[in-house]
Structure formats: structure tokens, C-alpha cells
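A.B. asks: Handing over run08.txt, compact mmCIF, C-alpha atoms and all ligand atoms.
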# COMPACT_ATOMS: atom_id res chain seq x y z
CA MET O 97 39.83 298.02 -96.88
CA LEU O 98 36.18 297.01 -96.74
CA GLU O 99 35.20 299.89 -94.46
CA PRO O 100 32.97 302.53 -96.06
CA SER O 101 34.52 305.93 -96.78
CA SER O 102 32.32 308.03 -99.04
CA PRO O 103 29.84 308.20 -97.54
CA ASP O 104 31.19 306.89 -94.23
CA TRP O 105 27.94 305.52 -92.82
CA ALA O 106 29.74 303.43 -90.17
CA SER O 107 31.10 306.10 -87.82
CA GLY O 108 28.29 305.50 -85.29
CA LEU O 109 29.04 301.78 -85.36
CA ARG O 110 32.75 302.35 -84.76
CA ALA O 111 32.00 304.70 -81.87
CA THR O 112 29.67 302.16 -80.26
CA TRP O 113 31.51 298.86 -80.56
CA GLN O 114 34.97 297.55 -79.78
CA ARG O 115 35.43 294.73 -82.24
CA GLY O 116 36.75 291.20 -81.76
CA GLU O 117 37.47 288.96 -78.80
CA ALA O 118 38.91 291.74 -76.64
CA GLY O 119 35.72 293.73 -77.14
CA ALA O 120 33.62 290.70 -76.19
CA GLN O 121 35.58 290.10 -72.97
CA ALA O 122 35.45 293.76 -71.99
CA GLN O 123 31.69 293.87 -72.61
CA LEU O 124 31.15 290.67 -70.60
CA GLU O 125 33.16 291.99 -67.64
CA LYS O 126 31.31 295.29 -67.69
CA PHE O 127 27.96 293.53 -67.71
CA LEU O 128 28.89 291.12 -64.89
CA ASP O 129 30.35 293.92 -62.76
CA ASN O 130 27.49 296.37 -63.18
CA ASP O 131 24.28 294.97 -64.59
CA VAL O 132 23.66 291.24 -64.21
CA GLY O 133 22.57 291.83 -60.60
CA SER O 134 19.56 293.86 -61.73
CA TYR O 135 19.00 292.26 -65.14
CA ALA O 136 15.48 290.92 -64.54
CA ASP O 137 14.21 294.25 -63.21
CA CYS O 138 15.89 296.57 -65.68
CA ARG O 139 16.16 294.66 -68.97
CA ASP O 140 12.96 296.11 -70.45
CA TYR O 141 13.94 299.76 -70.17
CA PRO O 142 15.69 301.02 -73.31
CA GLY O 143 16.91 304.21 -71.60
CA LYS O 144 19.10 302.15 -69.25
CA THR O 145 22.20 300.23 -70.27
CA SER O 146 21.12 297.12 -68.41
CA THR O 147 21.38 294.27 -70.90
CA SER O 148 24.67 292.64 -71.85
CA ARG O 149 25.02 293.92 -75.46
CA LEU O 150 26.85 290.71 -76.19
CA SER O 151 24.67 289.84 -79.20
CA PRO O 152 27.12 290.93 -81.94
CA TYR O 153 29.93 289.03 -80.26
CA LEU O 154 27.81 285.90 -79.87
CA ARG O 155 26.68 286.25 -83.46
CA PHE O 156 30.21 286.32 -84.86
CA GLY O 157 31.77 283.86 -82.42
CA ASP O 158 33.96 286.37 -80.58
CA ILE O 159 32.59 284.68 -77.48
CA SER O 160 30.51 281.54 -77.02
CA ALA O 161 27.19 281.13 -75.22
CA ARG O 162 28.90 278.52 -73.05
CA GLN O 163 31.58 281.00 -71.92
CA VAL O 164 28.95 283.62 -71.15
CA TRP O 165 26.78 281.11 -69.27
CA HIS O 166 29.62 279.94 -67.01
CA ALA O 167 31.01 283.42 -66.40
CA ALA O 168 27.52 284.55 -65.32
CA THR O 169 27.15 281.53 -63.01
CA ASN O 170 30.50 282.32 -61.38
CA ALA O 171 29.52 285.96 -60.96
CA ALA O 172 26.29 284.84 -59.30
CA HIS O 173 28.23 282.75 -56.82
CA ALA O 174 30.09 285.93 -56.05
CA GLY O 175 26.90 287.81 -55.23
CA SER O 176 24.12 288.41 -57.79
CA SER O 177 20.72 286.83 -57.12
CA ASN O 178 19.44 283.66 -58.76
CA ARG O 179 16.42 285.43 -60.19
CA ASN O 180 18.54 287.80 -62.25
CA LEU O 181 20.97 285.08 -63.27
CA GLU O 182 18.16 282.74 -64.34
CA LYS O 183 16.47 285.42 -66.39
CA PHE O 184 19.71 286.25 -68.17
CA GLN O 185 20.54 282.61 -68.83
CA SER O 186 17.01 281.98 -70.09
CA GLU O 187 17.69 284.54 -72.84
CA LEU O 188 20.71 282.50 -73.88
CA GLY O 189 18.26 279.60 -73.93
CA TRP O 190 15.99 281.45 -76.38
CA ARG O 191 19.00 281.82 -78.64
CA GLU O 192 19.49 278.05 -78.54
CA PHE O 193 15.80 277.58 -79.30
CA SER O 194 16.13 279.83 -82.38
CA TYR O 195 19.04 277.74 -83.58
CA HIS O 196 17.06 274.53 -83.15
CA LEU O 197 14.28 276.06 -85.24
CA LEU O 198 16.76 277.17 -87.91
CA TYR O 199 18.35 273.73 -87.98
CA ASN O 200 14.97 272.11 -88.55
CA ASN O 201 13.68 274.87 -90.85
CA PRO O 202 16.60 276.16 -92.94
CA ASP O 203 14.15 278.40 -94.86
CA VAL O 204 12.85 280.12 -91.72
CA ALA O 205 13.77 283.56 -93.13
CA SER O 206 11.49 283.09 -96.12
CA ARG O 207 8.71 280.64 -95.15
CA ASN O 208 5.96 281.14 -92.59
CA LEU O 209 6.35 278.45 -89.93
CA GLN O 210 2.55 278.45 -89.69
CA SER O 211 1.32 277.82 -93.22
CA ARG O 212 -2.05 279.51 -92.61
CA PHE O 213 -0.10 282.79 -92.85
CA ASP O 214 0.59 282.02 -96.53
CA THR O 215 -2.81 283.50 -97.38
CA MET O 216 -2.20 286.74 -95.47
CA GLN O 217 -2.91 289.79 -97.62
CA TRP O 218 0.16 291.86 -96.73
CA ARG O 219 0.08 295.43 -98.00
CA GLN O 220 2.53 296.79 -100.54
CA ASP O 221 3.27 300.28 -99.26
CA THR O 222 6.71 301.62 -100.10
CA THR O 223 6.02 305.03 -98.56
CA ALA O 224 5.09 303.53 -95.20
CA LEU O 225 7.97 301.06 -95.34
CA GLU O 226 10.45 303.88 -95.94
CA ALA O 227 8.96 305.99 -93.14
CA TRP O 228 9.46 303.02 -90.82
CA GLN O 229 13.02 302.35 -92.03
CA HIS O 230 14.04 305.99 -91.61
CA GLY O 231 12.41 306.52 -88.21
CA LYS O 232 9.73 308.88 -89.51
CA THR O 233 6.46 307.23 -88.51
CA GLY O 234 5.41 309.99 -86.09
CA TYR O 235 5.42 307.50 -83.18
CA PRO O 236 8.38 308.52 -81.01
CA ILE O 237 9.28 305.12 -79.55
CA VAL O 238 9.21 303.52 -83.02
CA ASP O 239 11.27 306.31 -84.55
CA ALA O 240 13.78 306.28 -81.69
CA GLY O 241 14.33 302.55 -82.19
CA MET O 242 14.78 302.79 -85.95
CA ARG O 243 17.25 305.66 -85.56
CA GLU O 244 19.20 303.84 -82.84
CA LEU O 245 19.45 300.92 -85.25
CA TRP O 246 20.70 303.08 -88.11
CA ASN O 247 23.25 304.90 -85.95
CA THR O 248 24.64 302.08 -83.83
CA GLY O 249 23.65 298.84 -85.60
CA TRP O 250 21.80 297.69 -82.47
CA MET O 251 18.37 298.19 -80.95
CA HIS O 252 17.07 297.35 -77.50
CA ASN O 253 14.98 294.15 -77.37
CA ARG O 254 11.81 295.82 -76.05
CA VAL O 255 11.94 298.35 -78.88
CA ARG O 256 12.66 295.63 -81.47
CA MET O 257 9.36 294.04 -80.44
CA VAL O 258 7.52 297.37 -80.70
CA VAL O 259 8.91 298.34 -84.12
CA ALA O 260 8.39 294.83 -85.51
CA SER O 261 4.80 294.75 -84.29
CA PHE O 262 4.28 298.21 -85.80
CA LEU O 263 5.45 297.02 -89.22
CA ALA O 264 3.60 293.71 -89.29
CA LYS O 265 0.41 294.76 -87.51
CA HIS O 266 -0.08 298.53 -87.76
CA LEU O 267 1.21 298.74 -91.32
CA LEU O 268 0.34 295.15 -92.34
CA ILE O 269 3.64 294.91 -94.19
CA ASP O 270 5.11 291.44 -94.64
CA TRP O 271 7.44 290.55 -91.74
CA ARG O 272 10.03 289.43 -94.33
CA GLN O 273 10.55 293.04 -95.37
CA GLY O 274 11.32 293.98 -91.77
CA GLU O 275 13.55 290.96 -91.33
CA SER O 276 15.44 291.95 -94.43
CA TRP O 277 15.97 295.54 -93.21
CA PHE O 278 17.20 294.27 -89.84
CA TRP O 279 19.47 291.82 -91.65
CA ASP O 280 21.06 294.70 -93.55
CA THR O 281 21.41 297.08 -90.59
CA LEU O 282 21.95 295.10 -87.34
CA VAL O 283 25.48 294.40 -86.18
CA ASP O 284 24.08 291.26 -84.54
CA ALA O 285 22.02 290.23 -87.62
CA ASP O 286 21.64 286.55 -86.91
CA PRO O 287 20.34 283.86 -89.26
CA ALA O 288 18.42 282.19 -86.41
CA ASN O 289 17.41 284.92 -83.96
CA ASN O 290 16.36 287.45 -86.57
CA PRO O 291 13.80 285.49 -88.61
CA VAL O 292 12.57 283.51 -85.60
CA SER O 293 11.97 286.73 -83.63
CA TRP O 294 10.23 288.36 -86.60
CA GLN O 295 7.97 285.35 -87.01
CA TRP O 296 7.27 285.37 -83.29
CA VAL O 297 6.14 289.01 -83.42
CA ALA O 298 4.17 288.63 -86.66
CA GLY O 299 2.36 285.59 -85.27
CA SER O 300 3.51 283.09 -87.88
CA GLY O 301 6.23 281.54 -85.72
CA ALA O 302 6.54 278.24 -83.89
CA ASP O 303 5.85 279.76 -80.52
CA ALA O 304 4.26 282.97 -81.65
CA ALA O 305 2.77 285.99 -79.92
CA PRO O 306 -1.07 285.75 -80.11
CA TYR O 307 -2.50 287.65 -83.08
CA PHE O 308 -4.52 289.99 -80.88
CA ARG O 309 -1.39 291.23 -79.09
CA ILE O 310 -0.85 294.51 -80.90
CA PHE O 311 1.53 296.76 -79.06
CA ASN O 312 0.23 300.26 -78.55
CA PRO O 313 3.37 302.34 -79.26
CA VAL O 314 2.21 305.20 -77.05
CA LEU O 315 1.58 302.97 -74.03
CA GLN O 316 4.81 301.06 -74.64
CA GLY O 317 6.71 304.35 -74.63
CA GLN O 318 4.94 305.60 -71.52
CA LYS O 319 5.55 302.35 -69.66
CA PHE O 320 9.11 301.53 -70.66
CA ASP O 321 10.50 305.00 -71.33
CA ALA O 322 8.53 306.90 -68.71
CA ASP O 323 11.24 309.51 -68.13
CA SER O 324 11.71 309.76 -71.94
CA THR O 325 15.51 309.36 -71.77
CA TYR O 326 15.48 307.06 -74.77
CA VAL O 327 13.19 309.08 -77.02
CA ARG O 328 14.96 312.34 -76.20
CA ARG O 329 18.28 310.78 -77.12
CA TRP O 330 17.24 309.51 -80.53
CA VAL O 331 14.50 311.98 -81.50
CA PRO O 332 16.06 315.34 -80.60
CA GLU O 333 13.29 317.25 -82.40
CA LEU O 334 11.10 316.46 -79.38
CA ALA O 335 13.54 317.88 -76.82
CA ASN O 336 11.18 320.66 -75.74
CA ILE O 337 8.06 318.54 -75.39
CA PRO O 338 7.11 317.78 -71.76
CA ALA O 339 7.73 314.17 -70.65
CA SER O 340 4.02 313.72 -69.91
CA VAL O 341 3.09 313.98 -73.62
CA ILE O 342 6.33 313.17 -75.42
CA HIS O 343 5.11 309.73 -76.46
CA ASN O 344 2.07 311.23 -78.15
CA PRO O 345 3.21 314.67 -79.31
CA TRP O 346 -0.01 315.24 -81.27
CA ARG O 347 -1.79 315.47 -77.89
CA HIS O 348 0.58 318.23 -76.91
CA GLU O 349 -0.36 320.03 -80.10
CA ALA O 350 -4.06 319.55 -79.42
CA GLU O 351 -3.63 320.89 -75.90
CA SER O 352 -1.72 323.97 -77.02
CA ILE O 353 -4.87 326.06 -77.20
CA GLY O 354 -5.02 328.45 -80.09
CA ARG O 355 -2.08 326.93 -81.92
CA LYS O 356 -2.60 327.04 -85.63
CA SER O 357 0.62 325.31 -86.59
CA LYS O 358 2.45 322.19 -85.49
CA CYS O 359 4.49 322.51 -82.27
CA VAL O 360 7.38 320.59 -83.76
CA PRO O 361 7.42 321.32 -87.48
CA SER O 362 10.44 319.11 -88.04
CA TYR O 363 8.78 315.99 -86.59
CA PRO O 364 6.45 314.03 -88.92
CA ASP O 365 2.74 313.53 -88.37
CA ARG O 366 1.63 310.00 -87.49
CA ILE O 367 1.53 307.92 -90.64
CA ILE O 368 -1.41 305.95 -89.25
CA ASP O 369 -3.91 306.23 -86.42
CA HIS O 370 -3.41 303.55 -83.76
CA ASP O 371 -7.09 302.67 -83.22
CA TYR O 372 -7.72 302.37 -86.94
CA ALA O 373 -4.57 300.28 -87.45
CA ARG O 374 -5.50 297.97 -84.59
CA ARG O 375 -9.00 297.32 -85.97
CA ARG O 376 -7.62 296.69 -89.45
CA ALA O 377 -4.98 294.27 -88.16
CA LEU O 378 -7.46 292.32 -86.03
CA GLU O 379 -9.71 291.94 -89.07
CA ALA O 380 -6.85 290.78 -91.32
CA TYR O 381 -5.50 288.32 -88.75
CA LYS O 382 -8.96 286.97 -87.87
CA ASN O 383 -9.56 286.11 -91.50
CA LEU O 384 -6.61 283.73 -91.68
CA ALA O 385 -7.82 280.17 -92.21
C1 LIG C 401 12.20 291.57 -84.36
C2 LIG C 401 13.40 291.06 -83.60
C3 LIG C 401 14.58 290.79 -84.27
C4 LIG C 401 15.69 290.30 -83.58
N1 LIG C 401 16.85 290.05 -84.28
C5 LIG C 401 17.93 289.56 -83.62
C6 LIG C 401 19.13 289.30 -84.32
O1 LIG C 401 19.25 289.47 -85.54
N2 LIG C 401 20.21 288.85 -83.60
C7 LIG C 401 20.13 288.61 -82.25
O2 LIG C 401 21.12 288.18 -81.65
N3 LIG C 401 18.97 288.82 -81.58
C8 LIG C 401 17.88 289.31 -82.21
N4 LIG C 401 16.73 289.55 -81.50
C9 LIG C 401 16.65 289.16 -80.08
C10 LIG C 401 17.07 290.22 -79.06
O3 LIG C 401 16.42 291.44 -79.34
C11 LIG C 401 18.59 290.47 -79.03
O4 LIG C 401 19.27 289.24 -78.90
C12 LIG C 401 18.98 291.34 -77.85
O5 LIG C 401 18.31 292.58 -77.89
C13 LIG C 401 20.49 291.57 -77.87
O6 LIG C 401 20.88 292.44 -76.85
P1 LIG C 401 21.74 291.92 -75.63
O7 LIG C 401 22.94 291.19 -76.13
O8 LIG C 401 21.96 293.07 -74.73
O9 LIG C 401 20.76 290.87 -74.95
P2 LIG C 401 20.68 290.28 -73.46
O10 LIG C 401 19.34 290.62 -72.92
O11 LIG C 401 21.84 290.65 -72.66
O12 LIG C 401 20.67 288.70 -73.72
C14 LIG C 401 21.89 287.92 -73.81
C15 LIG C 401 21.91 287.16 -75.12
O13 LIG C 401 20.81 286.25 -75.18
C16 LIG C 401 20.33 286.18 -76.53
N5 LIG C 401 18.95 286.70 -76.57
C17 LIG C 401 18.43 287.73 -75.86
N6 LIG C 401 17.12 287.90 -76.15
C18 LIG C 401 16.83 286.96 -77.08
C19 LIG C 401 15.63 286.61 -77.77
N7 LIG C 401 14.47 287.26 -77.57
N8 LIG C 401 15.69 285.60 -78.67
C20 LIG C 401 16.84 284.93 -78.89
N9 LIG C 401 18.01 285.20 -78.25
C21 LIG C 401 17.99 286.20 -77.36
C22 LIG C 401 21.23 287.05 -77.37
O14 LIG C 401 22.25 286.27 -77.94
C23 LIG C 401 21.78 288.05 -76.35
O15 LIG C 401 23.03 288.59 -76.72
C24 LIG C 401 15.61 290.07 -82.18
C25 LIG C 401 14.42 290.36 -81.51
C26 LIG C 401 13.33 290.86 -82.21
C27 LIG C 401 12.05 291.16 -81.45
Let me see the file written as C-alpha cells.
C.D. replies:
Amino acid sequence: MLEPSSPDWASGLRATWQRGEAGAQAQLEKFLDNDVGSYADCRDYPGKTSTSRLSPYLRFGDISARQVWHAATNAAHAGSSNRNLEKFQSELGWREFSYHLLYNNPDVASRNLQSRFDTMQWRQDTTALEAWQHGKTGYPIVDAGMRELWNTGWMHNRVRMVVASFLAKHLLIDWRQGESWFWDTLVDADPANNPVSWQWVAGSGADAAPYFRIFNPVLQGQKFDADSTYVRRWVPELANIPASVIHNPWRHEAESIGRKSKCVPSYPDRIIDHDYARRRALEAYKNLA
């Protein structure tokens, strides 16, 4: 009854997820059979299906963190290494940490945990915010992530960090606007993990990323999506761009000697230059009391 029909914006979600407890158990078994044994090595690569994808089930209580923890321990006894098991279980630990923060800070989705961020001069820029939301920033790894989110309701953790950093640091848009978009679009939208992670990336959190850590979206793409599987899947306009330049397609254009027009007319130009954005963000963050 509550499912959307016109327009039916949820078909990608239905195709991606099996709902309920049965879906949670199937996903857990799949992860323990195939991926927990290489979790630590592969978890940062969005082109691989190497993480558990249990987050929506944990969020809605289709499975508990305790069940997942013990099932993973038993699977490890049956063969997978301690290093991979520990890394996976430490992520469940981060979830507990987020919940402790939420318990002690019920307004964590609206208030900076570090009050010095209250004076931050965030920019009001609806055009840039919409480009980010719709996956049209001109940075392939950012756009791939935002489109994966829109289509499936989920985004890989590495890419969540990149797109969140892009919004808060490159665009200097208030992390609360990003948190709110994620809240509306994620199938695992979580009252603890979502705001705590946003505050961590923006720098205002309890245990935050240092302000000078500004992800370079080109380098992140080259490092974590080196074979470009992920970007090619979600940004099909770039299908014909060689892997060596797919994460900075403007370089491909510059190298196409004699070209007068864009190589990929359907793909947007960068909405901001990385070096400029980095300098501007460092200045804004440095000025916080
Ligand atoms: C900006 C931003 C927003 C986020 N919003 C959410 C959110 O709304 N809901 C959510 O569940 N997670 C959120 N995360 C954390 C993380 O990205 C997801 O939990 C993870 O990608 C889910 O995929 P998975 O189940 O395959 O994770 P796995 O790597 O398989 O991890 C297993 C479980 O551990 C927990 N976990 C993993 N990473 C983290 C983390 N960094 N912090 C806290 N718990 C973690 C999750 O419950 C996850 O299902 C966010 C991260 C960022 C950077």
C-alpha cells in the first residue's frame, strides 16, 4: 500500500534488496561464505562486493549485531583469519560507538559536537547542492556514489566518505544538508551512524577526521577504483574513456589534441576545481576559533 507507484522510484531498491529477516539471514550467509575471509583487504574497493551489506537489516532490527558477531566468530573458527574477523567486528564496534554518542547527545543530527564549528560560515549554494544530490558534480567517483545511492538506497563506505568530504569541504555546504539527504535516500538511514559519520567527516564530531584531511576525489578514484569498474557501472556516459584518465575526464579532453568540443558532451564539467576548493576549505577551517 505504501509503495510508490507513479512515479515508481523504488524499482532499483526492490531489485537490490530482499526484505525482512529472511533477507538478513541470506545476506549474512552469503557474506560469511564468500567475503569475510578477505574483508580487511577488500573492504575499501567499491567495485567489489566485499562488505556484508547488512546495514539496512541491522538498522531495522531484522538481525542483531550480537547475532552477526557470533555468526562471524563461528565462521572464523571454521577457517577465516583473525585479522579479517577482527576488522569486521571492529566495524560493528563503531556502530556501538555511534549509539553511545547518540544516547549521550540526542541532538547529534542537528548540533555540532564540537561547538567551535557553530561559527563556521557554511555556504548557501542550492545549485551546487543539487549537482551533488543528482550525481552531476563532474567528479566521477562522487557522481557514481550519489547515483548508486539514488538507485539502490545504499552506497559503499569508502565512497560515502568521499562524497561527504566533497560536500562539507570542497563545497563548504553544511554537513546537516548532506545528512538530511542521506536520511531521505539511504535504506540503512540510521539515527546514530548517519549523523555521527557526517560529523566525523566534517570535522565537528567527537572523534573527528582532522580538518586538513580533504579527500582528493581523483586520487581516491584512482586508488580505490583503479580498474574503474565502479565508475563505469554508475556513470555510463564515461564508458569510452580509457581507465587511465576516467577519474579525471577533463585531462582526457585536454590530451585529445585539436579537439574543440567536449569528449563526453553528456557528462557535466567539474563544478569546482580541486586545488581551489582545497585552499578555500583549509582557510575556512583554520579560521574556526
Ligand atoms: C557520511 C556517512 C554516512 C553514513 N551513514 C550511515 C547510515 O545512515 N547507516 C549506517 O548503518 N551506516 C552509515 N555509515 C557507515 C557505513 O558507511 C555503513 O555502515 C556501511 O557502508 C554499511 O555497509 P555494510 O553493511 O556492507 O558494512 P560492513 O563493512 O559489512 O560493516 C558491518 C556493519 O558494521 C557497521 N558499520 C560499518 N562501518 C561503520 C562505520 N564507519 N560507522 C558505524 N558503523 C559501521 C554497520 O552496521 C555495518 O552494517 C555512514 C558513513 C558515512 C561516511
A.B. asks: For ligand LIG 401 (chain C), collect every residue having any atom at a distance of at most 7 Å from a ligand atom (counting all atoms listed in the file); output as number ranges by chain.
C.D. replies: O: 139, 147-152, 154-155, 184, 187-188, 190-191, 194, 251-253, 256-257, 260, 278-279, 282, 284-287, 289-291, 293-294, 297
A.B. asks: Take CA of Glu275 in chain O and CA of Leu124 in chain O and report the distance between them in Å, one decimal.
C.D. replies: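 Calculated distance between CA of Glu275 in chain O and CA of Leu124 in chain O is 27.2 Å.
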A.B. asks: Taking (5.6, 311.5, -70.0) in the file's coordinates as the center, which residues reach within 12 Å of it, counting all atoms listed in the file, put as a PyMOL selection string?
C.D. replies: chain O and resi 236+314-328+334+337-345+347-348
A.B. asks: Taking into account only C-alpha atoms, which residue in the set O:Val292, O:Ile237, O:Ala224, O:Ala335 is nearest to Tyr195 in chain O?
C.D. replies: O:Val292
A.B. asks: With all atoms listed in the file as the counted atoms, please give the residues lying no more than 9 Å from range 362-364 of chain O, apart from itself and same-chain residues fewer than 5 positions off, as a PyMOL selection string.
C.D. replies: chain O and resi 232-235+331+333-334
A.B. asks: Between CA of Val238 in chain O and CA of Leu378 in chain O, what distance in Å does the model show, to one decimal?
C.D. replies: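 Calculated distance between CA of Val238 in chain O and CA of Leu378 in chain O is 20.3 Å.
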A.B. asks: Could you give me, as a ChimeraX atom specification, the residues within 7 Å of range 210-220 of chain O, counting all atoms listed in the file and dropping anything in the same chain fewer than 5 positions from it?
C.D. replies: /O:268-270,300-301,384-385
A.B. asks: Identify which of the residues O:Ser107, O:Gln123, O:Asn312, O:Ser276 lies closest to Val258 in chain O, counting only C-alpha atoms when measuring atom-to-atom distances.
C.D. replies: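 Going through O:Ser107, O:Gln123, O:Asn312, O:Ser276 one by one, the smallest distance to Val258 in chain O is for O:Asn312.
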A.B. asks: May I ask which of the residues O:Trp330, O:Leu128, O:Asn180, O:Ala377 is the closest one to Gly241 in chain O, counting all atoms listed in the file?
C.D. replies: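 Smallest separation from Gly241 in chain O among the options: O:Trp330.
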A.B. asks: Because the input lacks atoms here, generate N, CA, C and O atoms for range 261-277 of chain O and report them as a CSV table (one decimal), in the coordinates of the input.
C.D. replies:
chain,number,residue,atom,x,y,z
O,261,SER,N,6.3,294.8,-84.4
O,261,SER,CA,4.8,294.8,-84.3
O,261,SER,C,4.2,295.9,-85.1
O,261,SER,O,3.2,295.7,-85.8
O,262,PHE,N,4.8,297.1,-85.1
O,262,PHE,CA,4.3,298.2,-85.8
O,262,PHE,C,4.3,297.9,-87.3
O,262,PHE,O,3.3,298.2,-88.0
O,263,LEU,N,5.4,297.3,-87.8
O,263,LEU,CA,5.4,297.0,-89.2
O,263,LEU,C,4.4,295.9,-89.6
O,263,LEU,O,3.7,296.1,-90.6
O,264,ALA,N,4.4,294.8,-88.9
O,264,ALA,CA,3.6,293.7,-89.3
O,264,ALA,C,2.1,293.9,-89.0
O,264,ALA,O,1.3,293.5,-89.8
O,265,LYS,N,1.8,294.6,-87.9
O,265,LYS,CA,0.4,294.8,-87.5
O,265,LYS,C,-0.2,296.1,-87.8
O,265,LYS,O,-1.2,296.2,-88.5
O,266,HIS,N,0.5,297.2,-87.4
O,266,HIS,CA,-0.1,298.5,-87.8
O,266,HIS,C,0.0,298.8,-89.3
O,266,HIS,O,-1.0,299.3,-89.8
O,267,LEU,N,1.1,298.4,-89.9
O,267,LEU,CA,1.2,298.7,-91.3
O,267,LEU,C,0.8,297.5,-92.2
O,267,LEU,O,0.7,297.7,-93.4
O,268,LEU,N,0.7,296.4,-91.6
O,268,LEU,CA,0.3,295.2,-92.3
O,268,LEU,C,1.3,294.9,-93.5
O,268,LEU,O,0.9,294.6,-94.6
O,269,ILE,N,2.6,295.2,-93.2
O,269,ILE,CA,3.6,294.9,-94.2
O,269,ILE,C,4.3,293.6,-93.8
O,269,ILE,O,4.6,293.3,-92.6
O,270,ASP,N,4.6,292.8,-94.8
O,270,ASP,CA,5.1,291.4,-94.6
O,270,ASP,C,6.3,291.5,-93.7
O,270,ASP,O,7.3,292.2,-94.0
O,271,TRP,N,6.3,290.6,-92.7
O,271,TRP,CA,7.4,290.6,-91.7
O,271,TRP,C,8.8,290.3,-92.4
O,271,TRP,O,9.8,290.8,-92.0
O,272,ARG,N,8.8,289.7,-93.6
O,272,ARG,CA,10.0,289.4,-94.3
O,272,ARG,C,10.7,290.7,-94.8
O,272,ARG,O,11.9,290.8,-94.9
O,273,GLN,N,9.9,291.8,-95.0
O,273,GLN,CA,10.6,293.0,-95.4
O,273,GLN,C,11.3,293.7,-94.2
O,273,GLN,O,12.3,294.3,-94.3
O,274,GLY,N,10.7,293.5,-93.0
O,274,GLY,CA,11.3,294.0,-91.8
O,274,GLY,C,12.5,293.2,-91.4
O,274,GLY,O,13.6,293.7,-91.1
O,275,GLU,N,12.4,291.9,-91.6
O,275,GLU,CA,13.6,291.0,-91.3
O,275,GLU,C,14.7,291.3,-92.2
O,275,GLU,O,15.9,291.4,-91.8
O,276,SER,N,14.4,291.6,-93.5
O,276,SER,CA,15.4,292.0,-94.4
O,276,SER,C,16.1,293.3,-94.1
O,276,SER,O,17.4,293.4,-94.2
O,277,TRP,N,15.4,294.3,-93.6
O,277,TRP,CA,16.0,295.5,-93.2
O,277,TRP,C,16.9,295.3,-92.0
O,277,TRP,O,18.0,295.9,-91.9
